[in-house]
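One structure is given here, and the rest of the page talks about it.
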Number of protein chains: 2
Amino acid sequence: MDGRHARGIHTRRVTLARAVDLATVSGLDGLTLGGLAADLRLSKSGIFAHFGSKEELQLATIAFAEEIFTEHVLRPAFQMPRGKPRLLALFERWMAFSRGRVFTGGCFFSAVTAEFDAREGRVHDVVVEWRQVWMDLLQRLASEAVEEGHLPEDTDVAQLAFELNAFGRAANHDGVLTNANIHYDRALTAIRARLGESGGVSQQAREPGVDDR
Amino acid sequence: MDGRHARGIHTRRVTLARAVDLATVSGLDGLTLGGLAADLRLSKSGIFAHFGSKEELQLATIAFAEEIFTEHVLRPAFQMPRGKPRLLALFERWMAFSRGRVFTGGCFFSAVTAEFDAREGRVHDVVVEWRQVWMDLLQRLASEAVEEGHLPEDTDVAQLAFELNAFGRAANHDGVLTNANIHYDRALTAIRARLGESGGVSQQAREPGVDDR
DNA sequence: GGAGTATTCGAACGATCGGTCAAATAGTGT
DNA sequence: ACACTATTTGACCGATCGTTCGAATACTCC
């Protein structure tokens, strides 16, 4: 009744899934209608018809990546108790997400924010918006950890969010660049230390993926 | 006598200078012979003749960026005394380099390592090499700081280098993405804290550039 | 100043880019 | 089964990509 057939919806999802993965390797700008079409054994115009322009394809790809990120990282983390456990779980899930190569090129947003940081246009604007939502989330979880008494009262949550995010992104980039997993361990070590955890390596969330090095 | 004329050398340098700057905005892959030529009011084939292929242009651009980075960041930092002062100065210079927009899109290497982390080929390999040299340098300066007694004997210098580098790269990306300077301050705050500096904001190295926010 | 070479240019190549459009096909609702 | 529409296709557009090449220009050295 809404003018959409099941076939079209499926094709769109398959296309976006491939687009997200390709974008983590070649960049969101490196996406090409022709390449995507050849990869999926569809016609270029068939794919084009779903989005109407390359920019719309890029924006739809970002939205699709958000869904997957939410499913793999945010939703599981929010099943942990409010406060430090939830904050820590968020980063453990994030690192597992990148390490497990859910996307070939690691974390989609780490790649795309770096790609579009200095550009202009709608894609850049959406990326800036997403970053703000992400940083607000980190800051909120940090604040909740303070409220729960898991972190000192005088914690600068904005500063803390910056530092934790820095560790996560560095691990993602270095992990993909060198194809080694030690960077993820370094990030989690730094994150736990910054959150005042003294213990050793805890039970880590893991995605199946490349071997450790 | 070596078969090179002054005119050609100058053109090559001017071309590479523009290429480095463009690459920090549109990426090293976003560089185009035609765009570069139009920008410099030269012919496309004239520019091409200097490099022989786009890949060689990309590699030459990386080498040129190294020179500039060395001049603006490494050389000044090495004028500071061995140990913590030199290590700290390296990051202060790096942040001033990005903040001052010596290149329109901030730090060249932060952008390029993110762009090529998941790709293959000679450019990727050179980027990986560069990253290793950079991380080795950070680790060496940290080790010297330990030797000088400026850092605890049991410091994990590899872990320290990872964390400091993470702060710097995050500041660069966030600074360019949001066009705000607070991220550079956050990075320097984090770096000084991690190095055990308790004091307030010291005399910072600054490049002329965008206003603070 | 003239020989010789380094540099630059302009025209052109095939390939691919994002995008358009009319026609063919597949799916839905009655 | 039929009408209607969503989907997909293939041929094609102008622009631009990296690259080639022969000719014109600018420089250096004797």
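Ordering of the structure tokens sets the chain letters (A, B, ...); residue numbers start at 1 within each chain; ligands are numbered from 1 in the order shown.
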With a distance threshold of 6 Å and counting only C-alpha atoms, extract the residues of chain A near chain B and express them as a VMD selection string. chain A and resid 25 105 117 to 118 166 to 167 170 176 to 177
May I have a table of the residues of chain D lying at most 12 Å from chain B, giving each one's closest pair of atoms and their distance in Å to one decimal, counting only C-alpha atoms (C1' of nucleotides), ordered by chain and ascending residue number, as JSON lines?
```
{"residue": "D:DT16", "atom": "C1'", "partner": "B:Gly34", "partner_atom": "CA", "distance": 8.4}
{"residue": "D:DC17", "atom": "C1'", "partner": "B:Thr32", "partner_atom": "CA", "distance": 7.9}
{"residue": "D:DG18", "atom": "C1'", "partner": "B:Lys54", "partner_atom": "CA", "distance": 7.3}
{"residue": "D:DT19", "atom": "C1'", "partner": "B:Ser53", "partner_atom": "CA", "distance": 8.0}
{"residue": "D:DT20", "atom": "C1'", "partner": "B:Ser45", "partner_atom": "CA", "distance": 9.4}
{"residue": "D:DC21", "atom": "C1'", "partner": "B:Ser45", "partner_atom": "CA", "distance": 10.4}
{"residue": "D:DA26", "atom": "C1'", "partner": "B:Arg7", "partner_atom": "CA", "distance": 8.8}
{"residue": "D:DC27", "atom": "C1'", "partner": "B:His5", "partner_atom": "CA", "distance": 6.9}
{"residue": "D:DT28", "atom": "C1'", "partner": "B:His5", "partner_atom": "CA", "distance": 7.8}
{"residue": "D:DC29", "atom": "C1'", "partner": "B:Met1", "partner_atom": "CA", "distance": 8.9}
```
Fitted chain A, least squares over ordered Cα pairs with chain B, as a compact mmCIF listing (two decimals) with C-alpha atoms, in the first residue's frame:
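File result_2.txt, as written:
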```
# COMPACT_ATOMS: atom_id res chain seq x y z
CA MET A 1 75.23 18.96 -15.03
CA ASP A 2 72.72 16.58 -13.47
CA GLY A 3 70.29 17.29 -16.25
CA ARG A 4 67.92 19.46 -14.25
CA HIS A 5 67.03 23.08 -14.79
CA ALA A 6 66.09 25.55 -12.09
CA ARG A 7 62.67 26.13 -13.63
CA GLY A 8 61.71 22.48 -13.42
CA ILE A 9 62.79 22.14 -9.81
CA HIS A 10 60.74 25.16 -8.86
CA THR A 11 57.64 23.92 -10.67
CA ARG A 12 57.96 20.56 -8.99
CA ARG A 13 58.14 22.11 -5.54
CA VAL A 14 55.21 24.42 -6.17
CA THR A 15 53.19 21.50 -7.46
CA LEU A 16 53.96 19.33 -4.46
CA ALA A 17 53.21 22.13 -2.03
CA ARG A 18 49.76 22.49 -3.55
CA ALA A 19 49.30 18.73 -3.71
CA VAL A 20 50.03 18.32 0.00
CA ASP A 21 47.50 20.94 0.90
CA LEU A 22 44.82 19.58 -1.42
CA ALA A 23 45.41 16.08 -0.09
CA THR A 24 44.61 17.14 3.46
CA VAL A 25 41.18 18.18 2.22
CA SER A 26 40.21 15.74 -0.52
CA GLY A 27 42.58 12.93 0.32
CA LEU A 28 45.64 11.66 -1.48
CA ASP A 29 43.37 9.67 -3.76
CA GLY A 30 41.22 12.70 -4.40
CA LEU A 31 44.18 14.41 -6.04
CA THR A 32 43.69 14.74 -9.80
CA LEU A 33 46.20 15.79 -12.41
CA GLY A 34 43.62 17.98 -14.09
CA GLY A 35 42.51 19.67 -10.88
CA LEU A 36 46.08 20.30 -9.82
CA ALA A 37 46.89 21.70 -13.26
CA ALA A 38 43.91 24.04 -13.34
CA ASP A 39 44.70 25.20 -9.81
CA LEU A 40 48.31 26.03 -10.74
CA ARG A 41 47.47 27.32 -14.24
CA LEU A 42 49.70 24.69 -15.79
CA SER A 43 48.97 22.03 -18.34
CA LYS A 44 47.92 18.59 -17.17
CA SER A 45 50.63 16.92 -19.22
CA GLY A 46 53.21 19.37 -17.87
CA ILE A 47 52.52 18.24 -14.33
CA PHE A 48 52.29 14.64 -15.35
CA ALA A 49 55.77 14.83 -16.94
CA HIS A 50 57.27 15.58 -13.54
CA PHE A 51 56.06 12.39 -11.94
CA GLY A 52 55.28 9.83 -14.62
CA SER A 53 52.22 8.41 -12.88
CA LYS A 54 49.64 9.37 -10.32
CA GLU A 55 51.08 6.91 -7.84
CA GLU A 56 54.49 8.55 -8.11
CA LEU A 57 52.83 11.90 -7.54
CA GLN A 58 51.23 10.52 -4.39
CA LEU A 59 54.52 9.14 -3.13
CA ALA A 60 56.33 12.40 -3.90
CA THR A 61 53.58 14.27 -2.07
CA ILE A 62 54.12 12.13 1.02
CA ALA A 63 57.87 12.77 0.88
CA PHE A 64 57.27 16.50 0.57
CA ALA A 65 54.85 16.46 3.50
CA GLU A 66 57.54 14.74 5.56
CA GLU A 67 59.92 17.61 4.87
CA ILE A 68 57.41 20.21 6.00
CA PHE A 69 56.43 18.19 9.06
CA THR A 70 60.07 17.83 10.01
CA GLU A 71 60.65 21.54 9.62
CA HIS A 72 57.61 22.59 11.65
CA VAL A 73 57.48 19.90 14.32
CA LEU A 74 60.51 17.65 14.64
CA ARG A 75 63.33 20.17 14.24
CA PRO A 76 61.98 22.71 16.78
CA ALA A 77 61.20 19.96 19.28
CA PHE A 78 64.74 18.61 19.07
CA GLN A 79 66.06 21.98 20.16
CA MET A 80 64.56 21.28 23.58
CA PRO A 81 66.57 19.36 26.19
CA ARG A 82 66.50 15.58 26.01
CA GLY A 83 63.81 13.91 28.10
CA LYS A 84 60.36 15.11 29.00
CA PRO A 85 60.82 18.68 27.70
CA ARG A 86 61.62 17.37 24.24
CA LEU A 87 58.77 14.86 24.29
CA LEU A 88 56.30 17.50 25.44
CA ALA A 89 57.58 20.03 22.90
CA LEU A 90 57.02 17.51 20.13
CA PHE A 91 53.32 17.34 20.92
CA GLU A 92 52.98 21.06 21.51
CA ARG A 93 54.53 21.70 18.11
CA TRP A 94 52.36 19.06 16.48
CA MET A 95 49.20 20.54 17.91
CA ALA A 96 50.28 24.05 16.91
CA PHE A 97 50.99 22.72 13.44
CA SER A 98 47.48 21.32 13.03
CA ARG A 99 45.76 24.17 14.84
CA GLY A 100 47.57 26.80 12.79
CA ARG A 101 46.37 25.17 9.56
CA VAL A 102 49.75 25.00 7.92
CA PHE A 103 47.67 22.73 5.67
CA THR A 104 44.00 23.48 5.10
CA GLY A 105 42.92 20.05 6.30
CA GLY A 106 45.18 19.86 9.35
CA CYS A 107 47.89 17.25 9.78
CA PHE A 108 48.71 15.53 6.51
CA PHE A 109 49.67 12.23 8.08
CA SER A 110 46.61 11.98 10.28
CA ALA A 111 44.52 12.31 7.15
CA VAL A 112 46.53 9.97 4.96
CA THR A 113 46.96 7.16 7.46
CA ALA A 114 43.21 7.10 7.96
CA GLU A 115 42.62 7.18 4.21
CA PHE A 116 44.93 4.32 3.30
CA ASP A 117 44.70 2.14 6.37
CA ALA A 118 42.62 -0.55 4.70
CA ARG A 119 43.96 -0.29 1.15
CA GLU A 120 46.77 -2.10 -0.59
CA GLY A 121 49.64 -0.93 -2.75
CA ARG A 122 52.77 1.13 -2.54
CA VAL A 123 51.14 4.16 -1.00
CA HIS A 124 49.69 2.06 1.80
CA ASP A 125 53.07 0.47 2.39
CA VAL A 126 54.84 3.83 2.60
CA VAL A 127 52.20 5.08 5.04
CA VAL A 128 52.71 2.01 7.24
CA GLU A 129 56.46 2.60 7.16
CA TRP A 130 56.07 6.23 8.11
CA ARG A 131 53.79 5.34 11.01
CA GLN A 132 56.39 2.92 12.31
CA VAL A 133 59.13 5.55 12.17
CA TRP A 134 56.86 8.00 13.95
CA MET A 135 55.88 5.55 16.69
CA ASP A 136 59.51 4.51 17.12
CA LEU A 137 60.41 8.15 17.57
CA LEU A 138 57.72 8.65 20.21
CA GLN A 139 58.87 5.54 22.01
CA ARG A 140 62.51 6.62 21.87
CA LEU A 141 61.77 10.07 23.29
CA ALA A 142 59.70 8.45 26.02
CA SER A 143 62.57 6.10 26.84
CA GLU A 144 64.94 9.03 27.05
CA ALA A 145 62.55 10.74 29.45
CA VAL A 146 62.70 7.63 31.62
CA GLU A 147 66.50 7.61 31.45
CA GLU A 148 66.62 11.25 32.46
CA GLY A 149 64.51 10.43 35.47
CA HIS A 150 61.55 12.46 34.20
CA LEU A 151 59.26 9.45 34.09
CA PRO A 152 58.97 6.41 36.41
CA GLU A 153 61.41 3.56 35.80
CA ASP A 154 58.62 1.05 35.17
CA THR A 155 56.93 3.14 32.45
CA ASP A 156 55.54 1.07 29.57
CA VAL A 157 56.90 3.31 26.83
CA ALA A 158 55.06 1.54 24.00
CA GLN A 159 51.77 1.97 25.84
CA LEU A 160 52.63 5.58 26.59
CA ALA A 161 53.48 6.27 22.95
CA PHE A 162 50.16 4.77 21.86
CA GLU A 163 48.20 6.94 24.24
CA LEU A 164 49.98 10.20 23.46
CA ASN A 165 49.67 9.59 19.74
CA ALA A 166 45.96 8.85 20.19
CA PHE A 167 45.41 12.21 21.86
CA GLY A 168 47.24 14.06 19.11
CA ARG A 169 45.41 12.43 16.27
CA ALA A 170 42.01 12.83 17.90
CA ALA A 171 42.69 16.53 18.42
CA ASN A 172 43.66 16.94 14.80
CA HIS A 173 40.58 15.19 13.44
CA ASP A 174 38.14 16.82 15.83
CA GLY A 175 39.76 20.21 15.40
CA VAL A 176 39.36 20.13 11.64
CA LEU A 177 35.94 18.47 11.71
CA THR A 178 34.33 20.95 14.07
CA ASN A 179 36.62 23.89 13.27
CA ALA A 180 37.11 24.46 16.98
CA ASN A 181 40.29 24.67 19.01
CA ILE A 182 39.13 23.22 22.32
CA HIS A 183 40.15 19.75 21.17
CA TYR A 184 43.78 20.82 20.94
CA ASP A 185 43.59 22.09 24.50
CA ARG A 186 42.01 18.82 25.62
CA ALA A 187 44.77 16.85 23.94
CA LEU A 188 47.53 18.90 25.55
CA THR A 189 45.81 18.65 28.92
CA ALA A 190 45.63 14.87 28.55
CA ILE A 191 49.23 14.64 27.37
CA ARG A 192 50.57 16.72 30.25
CA ALA A 193 48.51 14.73 32.74
CA ARG A 194 49.75 11.46 31.31
CA LEU A 195 53.34 12.73 31.61
CA GLY A 196 52.74 13.64 35.21
CA GLU A 197 52.71 17.42 34.74
CA SER A 198 50.50 19.01 37.35
CA GLY A 199 50.80 22.67 36.37
CA GLY A 200 48.34 24.82 34.45
CA VAL A 201 48.50 25.83 30.82
CA SER A 202 52.11 26.62 30.03
CA GLN A 203 53.55 28.83 27.32
CA GLN A 204 52.28 27.05 24.24
CA ALA A 205 53.92 27.03 20.84
CA ARG A 206 51.44 28.64 18.48
CA GLU A 207 51.12 29.02 14.75
CA PRO A 208 49.02 31.88 13.43
CA GLY A 209 45.64 30.48 12.43
CA VAL A 210 41.95 30.26 13.17
CA ASP A 211 40.59 31.92 16.25
CA ASP A 212 40.00 30.00 19.45
CA ARG A 213 36.48 28.98 20.27
```
Please, which residues of chain C lie no more than 7 Å from chain B when the count uses only C-alpha atoms (C1' of nucleotides), and can they be set out as a list in words? DA6, DT7, DT8 and DC9 of chain C
Name the residues of segment 35-92 of chain A that fall into helix (DSSP H, G or I) according to DSSP on the backbone, using the chain letters and numbers of this document, as a PyMOL selection string. chain A and resi 35-40+44-51+54-77+84-92
Can you measure atom C1' of DT20 of chain C to atom C1' of DC13 of chain D for me? One decimal in Å is fine.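 Between these atoms lies a distance of 7.6 Å.
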For segment 24-30 of chain C, please output as an MDAnalysis selection string all residues within 8 Å (counting only C-alpha atoms (C1' of nucleotides); exclusion window: fewer than 4 positions along the same chain). (chainID A and resid 5) or (chainID D and resid 6:9)
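We find atom C1' of DA15 of chain D and atom C1' of DA22 of chain C to be spaced 23.2 Å apart.
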Which distance in Å separates atom C1' of DG18 of chain C and atom C1' of DT5 of chain D, to one decimal?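 Computed distance, atom C1' of DG18 of chain C to atom C1' of DT5 of chain D, equals 26.7 Å.
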